[in-house]
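Engineer: One file: my_file-v7.cif (mmCIF, C-alpha atoms and all ligand atoms).
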data_start
loop_
_atom_site.label_atom_id
_atom_site.label_comp_id
_atom_site.auth_asym_id
_atom_site.auth_seq_id
_atom_site.Cartn_x
_atom_site.Cartn_y
_atom_site.Cartn_z
CA MET A 1 20.95 282.73 198.60
CA LEU A 2 17.38 283.93 198.36
CA SER A 3 15.21 285.81 200.82
CA LYS A 4 12.29 283.92 202.32
CA GLU A 5 9.96 285.93 200.08
CA GLN A 6 11.92 285.09 196.94
CA ASN A 7 11.99 281.43 197.94
CA GLU A 8 8.21 281.44 198.30
CA LEU A 9 7.80 283.11 194.94
CA LEU A 10 10.14 280.59 193.33
CA THR A 11 8.67 277.43 194.77
CA LYS A 12 4.91 277.89 195.21
CA VAL A 13 2.82 276.89 192.23
CA GLY A 14 -0.75 276.50 193.45
CA PRO A 15 -3.75 278.43 192.07
CA GLY A 16 -3.27 282.16 192.48
CA THR A 17 0.52 282.11 192.81
CA PRO A 18 2.64 284.10 190.32
CA MET A 19 4.91 281.13 189.54
CA GLY A 20 1.93 278.81 189.19
CA ALA A 21 0.26 281.20 186.75
CA ALA A 22 3.41 281.41 184.61
CA LEU A 23 4.03 277.64 184.64
CA ARG A 24 0.47 276.94 183.53
CA GLN A 25 1.20 278.86 180.31
CA PHE A 26 3.45 276.00 179.13
CA TRP A 27 2.50 272.65 177.69
CA ALA A 28 3.11 270.11 180.47
CA PRO A 29 3.41 266.32 180.34
CA ALA A 30 0.53 264.92 182.39
CA ILE A 31 0.09 261.16 181.99
CA ARG A 32 1.34 258.32 179.78
CA SER A 33 -0.94 257.73 176.81
CA ALA A 34 -0.88 254.00 177.57
CA ASN A 35 -2.77 254.69 180.81
CA LEU A 36 -5.78 255.80 178.83
CA GLU A 37 -7.39 253.12 176.72
CA VAL A 38 -10.69 253.66 174.95
CA ASP A 39 -13.52 253.71 177.53
CA CYS A 40 -11.03 252.93 180.29
CA ALA A 41 -11.34 253.92 183.92
CA PRO A 42 -10.80 257.67 184.22
CA THR A 43 -7.62 258.76 185.95
CA ARG A 44 -7.11 261.45 188.54
CA VAL A 45 -4.28 263.78 187.67
CA ARG A 46 -2.96 266.40 190.06
CA LEU A 47 -0.86 269.19 188.55
CA PHE A 48 0.22 272.55 189.98
CA GLY A 49 -1.87 271.89 193.08
CA GLN A 50 -5.12 271.36 191.15
CA ASP A 51 -7.07 268.16 190.60
CA PHE A 52 -8.19 266.97 187.20
CA VAL A 53 -9.59 263.87 185.62
CA ALA A 54 -8.42 262.40 182.31
CA PHE A 55 -10.22 259.82 180.21
CA ARG A 56 -10.34 258.49 176.66
CA ASP A 57 -13.79 258.31 175.14
CA SER A 58 -15.33 255.72 172.84
CA ASN A 59 -13.92 257.55 169.79
CA GLY A 60 -10.39 257.60 171.17
CA ARG A 61 -10.41 261.28 172.10
CA VAL A 62 -8.82 262.32 175.39
CA GLY A 63 -10.73 264.55 177.76
CA PHE A 64 -8.96 266.53 180.47
CA LEU A 65 -11.41 268.13 182.89
CA ASP A 66 -11.62 269.65 186.33
CA GLU A 67 -12.17 266.72 188.67
CA GLY A 68 -15.39 267.78 190.35
CA CYS A 69 -18.78 267.05 188.78
CA PRO A 70 -20.51 270.34 187.87
CA HIS A 71 -23.67 269.18 189.65
CA ARG A 72 -22.46 268.83 193.24
CA GLY A 73 -18.76 268.20 193.04
CA VAL A 74 -18.44 264.42 193.20
CA SER A 75 -15.18 263.19 191.71
CA LEU A 76 -15.53 262.35 188.05
CA ALA A 77 -12.69 259.88 188.57
CA LEU A 78 -15.43 257.71 190.08
CA GLY A 79 -17.46 258.10 186.90
CA ARG A 80 -18.44 255.56 184.28
CA ASN A 81 -16.67 256.09 180.96
CA GLU A 82 -19.23 255.01 178.39
CA ASP A 83 -20.80 256.01 175.08
CA CYS A 84 -18.55 258.99 174.44
CA GLY A 85 -18.70 260.59 177.83
CA LEU A 86 -17.97 260.40 181.50
CA ARG A 87 -21.04 259.72 183.61
CA CYS A 88 -20.96 260.81 187.25
CA ILE A 89 -22.08 257.92 189.44
CA PHE A 90 -23.97 260.16 191.91
CA HIS A 91 -26.89 261.32 189.75
CA GLY A 92 -25.76 260.18 186.34
CA TRP A 93 -24.87 263.49 184.71
CA LYS A 94 -22.77 262.87 181.63
CA ILE A 95 -19.96 265.08 180.32
CA ASN A 96 -18.11 264.78 177.02
CA VAL A 97 -14.41 265.41 176.24
CA ASP A 98 -15.21 269.04 175.42
CA GLY A 99 -16.52 269.53 178.93
CA GLN A 100 -20.11 269.86 177.74
CA VAL A 101 -22.79 268.35 179.95
CA VAL A 102 -24.82 266.20 177.56
CA GLU A 103 -27.26 264.38 179.87
CA VAL A 104 -28.87 265.26 183.21
CA PRO A 105 -31.02 262.20 183.98
CA SER A 106 -31.84 263.49 187.47
CA GLU A 107 -33.79 266.40 185.95
CA PRO A 108 -37.42 266.17 184.75
CA ALA A 109 -37.92 265.12 181.14
CA GLY A 110 -37.55 268.03 178.71
CA SER A 111 -35.07 269.90 180.93
CA ASN A 112 -32.57 272.03 178.99
CA LEU A 113 -30.23 272.36 181.97
CA ALA A 114 -27.51 270.23 180.31
CA SER A 115 -26.98 272.58 177.39
CA LYS A 116 -26.25 275.47 179.76
CA ILE A 117 -23.47 273.79 181.74
CA LYS A 118 -19.85 273.24 180.85
CA VAL A 119 -16.98 271.88 182.88
CA ASN A 120 -13.53 273.45 182.55
CA HIS A 121 -11.69 271.36 180.01
CA TYR A 122 -8.16 271.81 178.74
CA PRO A 123 -6.39 271.35 175.39
CA VAL A 124 -4.40 268.13 175.15
CA ARG A 125 -1.85 266.72 172.71
CA GLU A 126 -0.44 263.23 172.54
CA GLU A 127 3.25 263.20 171.71
CA GLY A 128 6.04 260.80 172.61
CA GLY A 129 3.65 258.42 174.38
CA ILE A 130 2.50 261.18 176.72
CA VAL A 131 -0.71 263.14 177.06
CA TRP A 132 0.33 266.78 177.39
CA VAL A 133 -2.02 269.42 178.67
CA TRP A 134 -2.20 273.18 178.49
CA LEU A 135 -3.74 274.69 181.62
CA GLY A 136 -2.97 278.27 180.70
CA LYS A 137 -5.02 281.40 180.15
CA GLY A 138 -5.53 282.97 176.73
CA ALA A 139 -7.06 282.08 173.41
CA GLU A 140 -4.44 279.70 172.11
CA PRO A 141 -1.82 277.40 173.61
CA PRO A 142 1.79 278.32 172.87
CA GLN A 143 4.16 276.55 170.51
CA PHE A 144 4.58 272.90 171.50
CA PRO A 145 8.08 271.97 172.79
CA ALA A 146 8.81 269.65 169.88
CA PHE A 147 12.13 268.20 171.00
CA GLY A 148 13.82 265.40 169.02
CA PHE A 149 11.38 262.70 170.19
CA MET A 150 8.73 264.17 167.89
CA ASN A 151 10.42 262.77 164.79
CA GLN A 152 10.60 259.24 166.15
CA PRO A 153 8.16 256.36 165.82
CA LEU A 154 6.51 255.70 169.16
CA GLU A 155 8.29 252.36 169.65
CA ASN A 156 11.59 254.25 169.71
CA VAL A 157 10.43 256.42 172.60
CA VAL A 158 10.19 255.52 176.28
CA PRO A 159 8.35 257.87 178.66
CA ARG A 160 8.79 257.14 182.37
CA LYS A 161 8.23 259.20 185.45
CA ALA A 162 9.18 259.16 189.10
CA ILE A 163 7.14 260.70 191.90
CA VAL A 164 9.46 262.63 194.17
CA HIS A 165 8.40 263.99 197.53
CA CYS A 166 9.78 267.50 197.56
CA ASN A 167 9.32 270.82 195.81
CA TRP A 168 9.98 270.90 192.07
CA VAL A 169 12.71 273.56 192.05
CA GLN A 170 15.12 271.25 193.90
CA LEU A 171 14.86 268.77 191.04
CA VAL A 172 15.57 271.39 188.38
CA GLU A 173 18.56 272.56 190.41
CA GLY A 174 19.87 268.99 190.59
CA LEU A 175 19.69 268.60 186.83
CA LEU A 176 21.61 271.82 186.21
CA ASP A 177 24.27 271.21 188.84
CA SER A 178 27.17 269.45 187.15
CA SER A 179 29.52 269.65 190.12
CA HIS A 180 27.72 267.07 192.27
CA VAL A 181 28.54 264.32 189.80
CA THR A 182 32.04 264.04 191.24
CA SER A 183 30.68 263.07 194.60
CA LEU A 184 27.13 261.77 194.55
CA HIS A 185 27.45 259.78 191.31
CA LYS A 186 31.04 258.66 191.86
CA THR A 187 30.04 254.99 191.47
CA TRP A 188 29.05 255.50 187.86
CA LEU A 189 32.00 257.58 186.71
CA PRO A 190 34.26 256.23 184.01
CA THR A 191 37.89 255.52 184.74
CA GLY A 192 41.11 255.16 182.75
CA LYS A 193 40.81 255.69 179.02
CA ASP A 194 37.02 255.82 179.25
CA VAL A 195 37.21 259.13 181.10
CA LEU A 196 36.96 261.14 177.90
CA SER A 197 34.64 259.26 175.64
CA GLY A 198 33.80 255.82 177.02
CA PRO A 199 30.57 254.75 178.70
CA ASN A 200 29.29 257.50 180.96
CA ALA A 201 32.00 259.94 179.92
CA GLY A 202 29.03 262.23 179.45
CA MET A 203 28.96 262.55 183.23
CA MET A 204 32.58 263.62 183.29
CA GLY A 205 32.84 264.44 186.92
CA ALA A 206 36.50 263.82 187.69
CA MET A 207 36.98 267.38 188.89
CA ALA A 208 35.21 270.61 189.68
CA PRO A 209 33.91 272.39 186.60
CA VAL A 210 34.35 276.01 185.57
CA TYR A 211 31.05 277.27 184.20
CA GLU A 212 30.33 279.47 181.26
CA ILE A 213 26.73 280.41 180.68
CA GLU A 214 25.30 281.52 177.36
CA GLU A 215 21.86 283.02 177.23
CA ARG A 216 19.36 281.45 174.87
CA PRO A 217 15.97 282.74 173.72
CA TYR A 218 14.43 279.86 175.68
CA GLY A 219 16.69 279.76 178.76
CA TYR A 220 20.42 279.14 178.74
CA MET A 221 23.25 276.80 177.88
CA ALA A 222 25.60 276.02 180.77
CA ASN A 223 29.01 274.83 179.67
CA ALA A 224 30.72 272.95 182.51
CA GLN A 225 34.38 272.89 181.54
CA ARG A 226 36.96 270.57 183.04
CA ARG A 227 40.64 270.40 182.21
CA LEU A 228 42.63 267.24 182.72
CA ALA A 229 46.27 267.17 183.87
CA ASP A 230 47.53 266.80 180.27
CA GLY A 231 45.61 269.89 179.18
CA THR A 232 42.73 268.04 177.52
CA GLN A 233 39.48 269.89 178.10
CA VAL A 234 36.03 268.38 178.40
CA ASN A 235 33.03 270.62 177.86
CA ARG A 236 29.59 269.52 178.96
CA LYS A 237 26.95 271.82 177.56
CA THR A 238 23.59 271.42 179.25
CA GLU A 239 20.55 273.14 177.81
CA TYR A 240 17.99 274.60 180.18
CA VAL A 241 14.66 275.29 178.49
CA LEU A 242 12.13 277.28 180.47
CA PRO A 243 10.53 276.45 182.70
CA PHE A 244 11.09 272.75 183.46
CA PHE A 245 13.03 271.08 180.64
CA CYS A 246 16.69 270.03 180.81
CA LEU A 247 18.78 268.34 178.14
CA ILE A 248 21.92 266.82 179.56
CA PRO A 249 24.94 265.76 177.49
CA SER A 250 25.65 262.10 176.90
CA THR A 251 28.20 260.09 174.95
CA LEU A 252 25.62 257.67 173.62
CA ARG A 253 25.36 258.29 169.90
CA THR A 254 21.83 257.05 169.36
CA LEU A 255 20.06 257.53 172.69
CA PHE A 256 18.72 260.94 173.63
CA GLY A 257 16.54 262.32 176.34
CA VAL A 258 14.82 265.26 177.88
CA ALA A 259 14.21 265.52 181.60
CA MET A 260 11.00 267.30 182.60
CA VAL A 261 10.23 268.44 186.12
CA VAL A 262 6.53 269.07 186.66
CA PRO A 263 5.03 270.05 190.00
CA VAL A 264 2.16 267.86 191.16
CA ASP A 265 1.76 270.47 193.88
CA ASP A 266 4.19 272.41 196.05
CA GLU A 267 5.35 269.28 197.88
CA THR A 268 5.35 266.55 195.25
CA THR A 269 6.94 266.44 191.83
CA PHE A 270 6.79 264.36 188.67
CA PHE A 271 10.25 263.76 187.28
CA TRP A 272 9.77 262.65 183.66
CA ASP A 273 12.51 260.90 181.73
CA LEU A 274 11.50 260.96 178.07
CA SER A 275 14.14 259.01 176.16
CA TRP A 276 14.33 258.06 172.51
CA SER A 277 16.56 256.03 170.27
CA THR A 278 17.38 257.09 166.73
CA GLU A 279 18.33 253.52 165.96
CA GLY A 280 15.03 251.71 166.34
CA PRO A 281 12.65 250.30 168.93
CA ILE A 282 13.92 250.42 172.50
CA ASP A 283 12.69 249.59 175.99
CA ALA A 284 13.36 250.84 179.49
CA SER A 285 15.71 248.06 180.58
CA THR A 286 17.88 248.52 177.47
CA ILE A 287 18.06 252.23 178.21
CA ASP A 288 19.16 251.54 181.79
CA LYS A 289 21.83 249.14 180.52
CA LEU A 290 23.12 251.63 177.96
CA ARG A 291 23.32 254.36 180.58
CA ASN A 292 25.17 251.99 182.90
CA ALA A 293 23.84 253.82 185.93
CA GLY A 294 21.77 251.20 187.74
CA THR A 295 18.25 249.98 187.16
CA MET A 296 15.18 252.05 187.87
CA GLY A 297 11.98 250.67 189.33
CA LEU A 298 9.78 248.69 186.96
CA ASP A 299 6.65 250.81 187.25
CA PRO A 300 6.83 253.38 184.42
CA ASP A 301 4.39 255.60 186.33
CA ASN A 302 6.69 255.71 189.33
CA THR A 303 10.22 254.45 188.84
CA TYR A 304 11.14 255.72 192.32
CA GLU A 305 9.59 252.91 194.33
CA PRO A 306 9.74 252.10 197.11
CA CYS A 307 10.20 255.50 198.62
CA PHE A 308 11.44 255.07 202.18
CA GLY A 309 11.59 258.69 203.34
CA ALA A 310 13.55 260.36 206.09
CA ASP A 311 12.62 258.02 208.97
CA LYS A 312 14.35 255.14 207.18
CA VAL A 313 17.16 257.35 205.86
CA TRP A 314 15.74 256.86 202.35
CA GLY A 315 16.61 253.16 202.45
CA GLN A 316 20.31 253.86 202.20
CA ASP A 317 22.23 250.58 202.26
CA ARG A 318 25.50 250.74 204.20
CA GLU A 319 26.36 247.23 203.05
CA LEU A 320 26.23 248.45 199.46
CA MET A 321 28.61 251.22 200.42
CA LYS A 322 31.09 248.62 201.68
CA GLN A 323 30.76 246.88 198.32
CA GLY A 324 31.81 250.07 196.55
CA PHE A 325 28.56 251.88 195.87
CA TYR A 326 29.66 255.34 196.97
CA SER A 327 26.29 256.70 198.07
CA GLY A 328 24.66 253.48 199.25
CA PHE A 329 22.05 253.48 196.46
CA GLN A 330 22.02 251.33 193.38
CA ALA A 331 20.78 253.66 190.66
CA LEU A 332 21.97 257.09 189.66
CA PRO A 333 18.55 258.77 189.43
CA ILE A 334 17.66 257.46 192.88
CA GLU A 335 20.75 259.16 194.27
CA ASP A 336 19.39 262.42 192.91
CA PHE A 337 15.87 261.93 194.27
CA VAL A 338 17.18 261.01 197.71
CA VAL A 339 19.43 264.02 198.15
CA GLN A 340 16.71 266.31 196.84
CA GLU A 341 14.11 264.95 199.25
CA SER A 342 16.64 265.20 202.08
CA GLN A 343 16.93 268.97 201.54
CA GLY A 344 13.44 269.14 203.03
CA ILE A 345 10.17 269.56 201.20
CA PHE A 346 11.21 273.16 200.56
CA ALA A 347 14.97 273.74 200.53
CA ASP A 348 15.58 276.81 202.69
CA ARG A 349 17.53 278.99 200.27
CA SER A 350 17.97 281.73 202.86
CA LYS A 351 20.46 279.53 204.71
CA GLU A 352 22.63 278.18 201.93
CA HIS A 353 26.22 279.13 201.09
CA LEU A 354 26.70 279.19 197.36
CA GLY A 355 29.99 279.10 195.47
CA ALA A 356 31.28 279.43 191.93
CA SER A 357 30.05 275.91 191.13
CA ASP A 358 26.48 277.04 191.77
CA ILE A 359 26.19 279.72 189.11
CA ALA A 360 24.03 277.57 186.83
CA ILE A 361 21.39 277.22 189.50
CA ILE A 362 21.65 280.88 190.47
CA ARG A 363 20.96 281.80 186.84
CA MET A 364 18.07 279.38 186.62
CA ARG A 365 16.43 280.86 189.72
CA ARG A 366 16.83 284.35 188.27
CA LEU A 367 15.21 283.30 184.99
CA LEU A 368 12.29 281.69 186.79
CA LEU A 369 11.73 284.63 189.13
CA ASP A 370 11.89 287.07 186.21
CA MET A 371 9.49 284.87 184.25
CA ALA A 372 6.93 284.83 187.06
CA LYS A 373 7.20 288.60 187.52
CA THR A 374 6.94 289.31 183.80
CA TYR A 375 3.86 287.17 183.48
CA GLN A 376 2.30 288.79 186.51
CA GLU A 377 2.87 292.27 185.07
CA THR A 378 2.19 291.69 181.38
CA SER A 379 0.15 288.47 181.13
CA SER A 380 2.59 287.30 178.49
CA LEU A 381 5.92 285.53 178.29
CA PRO A 382 8.81 286.50 175.97
CA ILE A 383 9.55 282.83 175.22
CA HIS A 384 6.10 282.49 173.71
CA GLN A 385 6.61 285.47 171.40
CA GLN A 386 9.30 283.62 169.43
CA ASN A 387 9.48 280.72 167.10
CA ILE A 388 11.83 278.19 168.67
CA ASP A 389 13.24 275.21 166.81
CA TYR A 390 13.04 272.80 169.72
CA ALA A 391 14.29 269.83 167.68
CA LYS A 392 17.59 271.66 167.22
CA ILE A 393 18.20 272.12 170.94
CA ARG A 394 20.86 269.53 171.65
CA PRO A 395 23.19 269.15 174.59
CA VAL A 396 26.84 268.73 173.65
CA HIS A 397 29.73 266.74 175.10
CA GLU A 398 33.00 267.74 173.52
CA VAL A 399 36.64 266.93 174.09
CA LEU A 400 39.29 269.47 173.14
CA SER A 401 43.01 268.95 172.92
CA ALA A 402 45.44 271.04 174.99
CA THR A 403 45.76 273.31 171.94
CA GLY A 404 42.01 273.75 171.69
CA GLN A 405 41.33 271.38 168.77
CA GLN A 406 38.17 269.37 168.88
CA ILE A 407 38.99 265.70 169.37
CA GLU A 408 35.49 264.37 169.83
CA ILE A 409 31.99 265.72 169.88
CA TYR A 410 28.73 264.09 170.89
CA VAL A 411 25.60 266.02 169.96
S1 LIG A 501 -22.80 265.16 191.71
FE1 LIG A 501 -22.45 264.39 189.76
S2 LIG A 501 -24.42 263.99 188.98
FE2 LIG A 501 -24.78 264.81 190.93
FE FE A 502 22.57 263.92 189.65
#
Taking this structure as input, can you express it in the form of structure tokens?
Ligand code: FES
Ligand SMILES: [Fe+2]
Structural biologist:
Amino acid sequence: MLSKEQNELLTKVGPGTPMGAALRQFWAPAIRSANLEVDCAPTRVRLFGQDFVAFRDSNGRVGFLDEGCPHRGVSLALGRNEDCGLRCIFHGWKINVDGQVVEVPSEPAGSNLASKIKVNHYPVREEGGIVWVWLGKGAEPPQFPAFGFMNQPLENVVPRKAIVHCNWVQLVEGLLDSSHVTSLHKTWLPTGKDVLSGPNAGMMGAMAPVYEIEERPYGYMANAQRRLADGTQVNRKTEYVLPFFCLIPSTLRTLFGVAMVVPVDDETTFFWDLSWSTEGPIDASTIDKLRNAGTMGLDPDNTYEPCFGADKVWGQDRELMKQGFYSGFQALPIEDFVVQESQGIFADRSKEHLGASDIAIIRMRRLLLDMAKTYQETSSLPIHQQNIDYAKIRPVHEVLSATGQQIEIYV
């Protein structure tokens, strides 16, 4: 349970908020690289309650700028992307990927106005088929979160995102909450001999977990432990990496993923699923088949379509329920998005009743609140003072015998 003030501090990310300032210090996934072809139409991108425009210039470089034209604020998303710059359609001012105004055709010949004006532009990196941006303050961006996808050829990596209509913290909580699997995702749970190591055993939700949390320099590892009647123990070790990365255990030997929860603004959230195969090229439908948890929408820029919202009870299908789909939805991630949206745009954490199964989310909230406060007081973040081997951060699914011997491990 949080006070109303703590809940505000936790959830609000717009300009001027303590949490927003801290989040901006991290590299954030912004847009799929495939959306930006050379000299393509520029794209509006909203992140942390601020509007930007992204484009790829004639030389293939990506520019990430504040959206408004420096002349009189017209959206540069309306601009013409030509000859190595974005040209505002209102008076024709042209801006390059470094944010420098390079032409001001509305000014008299010989004007040197252009050289004096710069638009805010932000460092970008293209990794894993995604354009990442750093919106933070300071001289240099921090270490890049180089998870396992960095070592893979691009055709082995699939970036997809869903647009979810609620505050971002609810999505992070959902990822770190192992106990809901038993109920919400019941349809996808393995049965019989598959319970321990068959398809979807990684979700192991047959009973309530007992949590053990280990602190990490970057966040924590939450070990959700479940013991079967014969004494066999299943440990699911989820890694939470500040501020919005989660690595969830799986029993697929060659398919890995990182979930990334990035606020568009306080009320809308990008849920990124960045998955990669260590076996070779892979596509989204193969990933969905391997995960055996339903099929996501076909649009990689919003796999959560159509979104029905509260007035249509999120499109829940009672006929499906009669057919055996426990929740009335036909894909596991959609089950998550629906329950998270149904908590309200901002879950009211002053009214909840938490139990022992909620300690992973309690710890996550504490870490985030401490992070925001630390950044507010010191303008720095401990996580960025260290050298973290992101590629080595791996979630673990392990099965132990009644005597504590490891029977199987999936890393
Ligand atoms: S507003 Fe963009 S050139 Fe005038
Ligand atoms: Fe879930």
Engineer: Show me which residues line ligand FE 502 (chain A), defined as having an atom within 10 Å of a ligand atom where all atoms listed in the file count, and present them as an mmCIF file with C-alpha atoms, keeping the file's coordinate frame.
Structural biologist:
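This is the output file out_21.cif:
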data_model
loop_
_atom_site.group_PDB
_atom_site.id
_atom_site.type_symbol
_atom_site.label_atom_id
_atom_site.label_comp_id
_atom_site.auth_asym_id
_atom_site.auth_seq_id
_atom_site.Cartn_x
_atom_site.Cartn_y
_atom_site.Cartn_z
ATOM 1 C CA LEU A 171 14.860 268.770 191.040
ATOM 2 C CA GLU A 173 18.560 272.560 190.410
ATOM 3 C CA GLY A 174 19.870 268.990 190.590
ATOM 4 C CA LEU A 175 19.690 268.600 186.830
ATOM 5 C CA LEU A 176 21.610 271.820 186.210
ATOM 6 C CA ASP A 177 24.270 271.210 188.840
ATOM 7 C CA SER A 178 27.170 269.450 187.150
ATOM 8 C CA SER A 179 29.520 269.650 190.120
ATOM 9 C CA HIS A 180 27.720 267.070 192.270
ATOM 10 C CA VAL A 181 28.540 264.320 189.800
ATOM 11 C CA THR A 182 32.040 264.040 191.240
ATOM 12 C CA SER A 183 30.680 263.070 194.600
ATOM 13 C CA LEU A 184 27.130 261.770 194.550
ATOM 14 C CA HIS A 185 27.450 259.780 191.310
ATOM 15 C CA MET A 203 28.960 262.550 183.230
ATOM 16 C CA LEU A 332 21.970 257.090 189.660
ATOM 17 C CA PRO A 333 18.550 258.770 189.430
ATOM 18 C CA ILE A 334 17.660 257.460 192.880
ATOM 19 C CA GLU A 335 20.750 259.160 194.270
ATOM 20 C CA ASP A 336 19.390 262.420 192.910
ATOM 21 C CA PHE A 337 15.870 261.930 194.270
ATOM 22 C CA VAL A 339 19.430 264.020 198.150
ATOM 23 C CA GLN A 340 16.710 266.310 196.840
#
Engineer: Check which residues of chain A sit at most 9 Å from ligand LIG 501 (chain A) using all atoms listed in the file, and return one row each with the closest pair of atoms and their distance in Å to one decimal, ordered by chain and rising number, as CSV.
Structural biologist:
residue,atom,partner,partner_atom,distance
A:Gly68,CA,A:LIG501,FE1,7.9
A:Cys69,CA,A:LIG501,FE1,4.6
A:Pro70,CA,A:LIG501,FE1,6.5
A:His71,CA,A:LIG501,S1,4.6
A:Arg72,CA,A:LIG501,S1,4.0
A:Gly73,CA,A:LIG501,S1,5.2
A:Val74,CA,A:LIG501,S1,4.7
A:Ser75,CA,A:LIG501,FE1,7.6
A:Leu76,CA,A:LIG501,FE1,7.4
A:Gly79,CA,A:LIG501,FE1,8.5
A:Arg87,CA,A:LIG501,S2,7.6
A:Cys88,CA,A:LIG501,FE1,4.6
A:Ile89,CA,A:LIG501,FE1,6.5
A:Phe90,CA,A:LIG501,FE2,4.8
A:His91,CA,A:LIG501,S2,3.7
A:Gly92,CA,A:LIG501,S2,4.8
A:Trp93,CA,A:LIG501,S2,4.3
A:Lys94,CA,A:LIG501,S2,7.6
A:Val104,CA,A:LIG501,S2,7.4
A:Pro105,CA,A:LIG501,S2,8.5
A:Ser106,CA,A:LIG501,S2,7.6
Engineer: As a list in words, please: the residues near Met221 (chain A) (cut-off 7 Å, all atoms listed in the file, same-chain neighbours under 3 positions excluded).
Structural biologist: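 My list of contacting residues is Ile213, Glu214, Glu215, Arg216, Lys237, Thr238, Glu239 and Tyr240 of chain A.
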Engineer: For the point (-28.4, 271.7, 178.5) in file coordinates, what residues are within 12 Å, counting all atoms listed in the file? Give the answer as a list in words?
Structural biologist: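 Here the neighbourhood of the point contains Trp93, Lys94, Ile95, Gln100, Val101, Val102, Glu103, Val104, Pro105, Glu107, Ala109, Gly110, Ser111, Asn112, Leu113, Ala114, Ser115, Lys116, Ile117 and Lys118 of chain A.
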Engineer: Counting only C-alpha atoms, figure out which residue out of A:Thr232, A:Ser3, A:Asn96, A:Gln323 gets nearest to Leu400 (chain A).
Structural biologist: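 The closest residue to Leu400 (chain A) is A:Thr232.
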Engineer: For CA of Phe271 (chain A) and CA of Val164 (chain A), determine how far apart the two atoms are, in Å to one decimal place.
Structural biologist: 7.0 Å
Engineer: Determine, counting only C-alpha atoms, which protein, DNA and RNA residues have an atom within 8 Å of an atom of region 309-322 of chain A; residues of the same chain fewer than 6 positions away are not included. Present the result as a list in words.
Structural biologist: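 That gives Gly328, Phe329, Gln330, Val338, Glu341 and Ser342 of chain A.
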Engineer: Restrict the selected residues to C-alpha atoms and save them as a short mmCIF file (atom, residue, chain, number, x, y, z; two decimals), keeping the file's coordinate frame.
Structural biologist:
data_model
loop_
_atom_site.label_atom_id
_atom_site.label_comp_id
_atom_site.auth_asym_id
_atom_site.auth_seq_id
_atom_site.Cartn_x
_atom_site.Cartn_y
_atom_site.Cartn_z
CA GLY A 328 24.66 253.48 199.25
CA PHE A 329 22.05 253.48 196.46
CA GLN A 330 22.02 251.33 193.38
CA VAL A 338 17.18 261.01 197.71
CA GLU A 341 14.11 264.95 199.25
CA SER A 342 16.64 265.20 202.08
#
Engineer: Given the choices A:Leu242, A:Val172, A:Ala224, A:Ile361, which gets closest to Phe26 (chain A) if the distance is worked out from only C-alpha atoms?
Structural biologist: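 Of the candidates, the smallest distance to Phe26 (chain A) is held by A:Leu242.
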Engineer: Using only C-alpha atoms, determine which residues lie at most 9 Å from Asp348 (chain A), disregarding the query and same-chain residues fewer than 4 positions distant; provide the list as a list in words.
Structural biologist: Met1, Leu2, Lys4, Asn7, Gln343, Gly344 and Glu352 of chain A
Engineer: Of the candidates A:Ile359, A:Leu247, A:Val396, A:Leu274, which shows the shortest atom-to-atom distance to Met150 (chain A), using all atoms listed in the file?
Structural biologist: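 Nearest to Met150 (chain A): A:Leu274.
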